[in-house]
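Everything on this sheet refers to the single structure shown next.
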Amino acid sequence: EKARATTIVEYKPNSKFPLHEHIGGEEFLVLKGTFKDQYGEFPKGYYVRNPIGSKHEPWVDDDGCTIMVKLLQMADTDEGVDPLHINYEGSKDKEKTDWGHVLEMYHNKVTGERVSMWWVDPGTEFPTNEYCSDGEELFIVDGSLFADGHEYVEWGWIRFPPGKEVITQRKGLKSGPAGAQVYRKTGHLTDSAMSMEKIQISIETEEVLDKNSNGRLESATEDDNSKKTQS
């Protein structure tokens with residue numbers, strides 16, 4: 001875990017990974033196969049959030065596994081190290097709306113970060129709300145979204161920076177003929193939220209920097225295990 005990154009990672013069948021610590025946290029969606037660690041088995045349709053300081057020793061079996069993962073992007077707000085596992089496909093907590101359904105999966109009251117899963121009906125405008133101006137990331141799990149004449153299909157990714165002027169551009173977003181299932185993340189791109197991230201990246205050197213207990217930035221040190229794996 002040496003990069004602040006949002007990536008799709010494919011694990012080969014029967015892969016195993018050593019015990020490692022998440023120095024800046026990680027969160028991921030299981031897109032294919034089954035992800036396993038000492039906390040359980042998480043097949044396609046799960047959202048997993050491993051906080052800063054959490055540890056695990058993952059593996060995959062014959063079916064392999066593909067995930068969309070965000071690394072080193074968590075704020076240090078003393079949330080503890082217990083992981084969060086949500087079966088968004090099988091959840092009974094989905095809220096019905098005029099445009100489809102939504103499931104709220106995570107909210108950080110300190111930073112304003114919110115993570116949710118949206119199911120938008122076919123040919124429907126992807127609605128805006130008060131959180132859009134704080135920046136927004138959208139990952140298309142299934143179906144498609146149209147923006148400015150371009151179609152973003154399955155596993156496509158759209159990022160809107162913070163700013164009220166973005167809302168005008170954002171209003172043109174619409175689901176495709178098969179609808180859209182979308183992972184949505186807001187509130188984490190404001191200057192305030194990003195300044196609270198434990199891991200910072202040097203603009204000059206691109207070096208990974210870690211906030212120590214005094215709030216000062218120093219070169220991040222990782223054990224050998226964390227250098228060998230991304231999740």
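Every chain in the structure tokens takes a letter, A first, then B, and so on in the order presented; its residues are numbered from 1, and the ligands are numbered from 1 following the presented order.
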I'd like a table as a Markdown table: residues in range 39-152 of chain A with an atom no more than 6 Å from range 156-165 of chain A, each row giving the shortest atom pair and its distance in Å to one decimal, only C-alpha atoms counted, sorted by chain and rising residue number.
| residue | atom | partner | partner_atom | distance |
| --- | --- | --- | --- | --- |
| A:Ser133 | CA | A:Lys164 | CA | 4.8 |
| A:Asp134 | CA | A:Pro162 | CA | 4.5 |
| A:Gly135 | CA | A:Pro162 | CA | 3.8 |
| A:Glu136 | CA | A:Phe160 | CA | 5.1 |
| A:Glu137 | CA | A:Arg159 | CA | 4.5 |
| A:Leu138 | CA | A:Ile158 | CA | 5.1 |
| A:Phe139 | CA | A:Trp157 | CA | 4.5 |
| A:Ile140 | CA | A:Gly156 | CA | 5.3 |
| A:Tyr152 | CA | A:Gly156 | CA | 5.3 |
Next item on the list: For Tyr106 in chain A, list every protein, DNA or RNA residue within 8 Å, evaluated using only C-alpha atoms, and leave out those in the same chain fewer than 3 positions away; present the list as a list in words.
Entry: Glu113, Arg114, Val115 and Ser116 of chain A
Margin query: Would you pick out the contacts of Met117 in chain A at 10 Å or less, using only C-alpha atoms, so that residues sharing its chain but fewer than 4 positions from it are not included, and give the list as a ChimeraX atom specification?
Written below: /A:47,88-89,94,101-105,138-141,181-185
Next item on the list: Could you tell me, as an MDAnalysis selection string, which residues of range 1-202 of chain A DSSP assigns to strand (DSSP E) when given the backbone?
Entry: chainID A and resid 5:11 20:21 26:37 40:43 46:50 55:56 65:71 84:87 95:96 100:107 114:120 136:147 150:152 157:160 174:186 199:201
Notebook entry, point to check: At what distance in Å, to one decimal, does CA of Ser15 in chain A lie from CA of Ile86 in chain A?
Noted result: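 Here the two named atoms are 23.2 Å from each other.
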Item checked: Selected residue of minimal separation from Gly53 in chain A among A:Gly40, A:Pro83, A:Gly33, A:Pro13, counting only C-alpha atoms -> A:Pro83
Notebook entry, point to check: To one decimal place, how far is CA of Tyr131 in chain A from CA of Val30 in chain A in Å?
Noted result: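 These atoms are spaced 25.4 Å apart.
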Check: Can you list, as a list in words, every protein, DNA or RNA residue that comes within 7 Å of Met74 in chain A when you count only C-alpha atoms, leaving out same-chain residues fewer than 5 positions away?
Finding: Gly24, Gly25, Glu197 and Lys198 of chain A
Checklist line | Exercise: Asp82 in chain A partners within 8 Å, only C-alpha atoms, chain neighbours under 5 positions left out, as a list in words | finding: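 Contacts, in chain order: Asn50, Pro51 and Ser54 of chain A.
Between CA of Arg49 in chain A and CA of Leu84 in chain A lies a distance of 4.9 Å.
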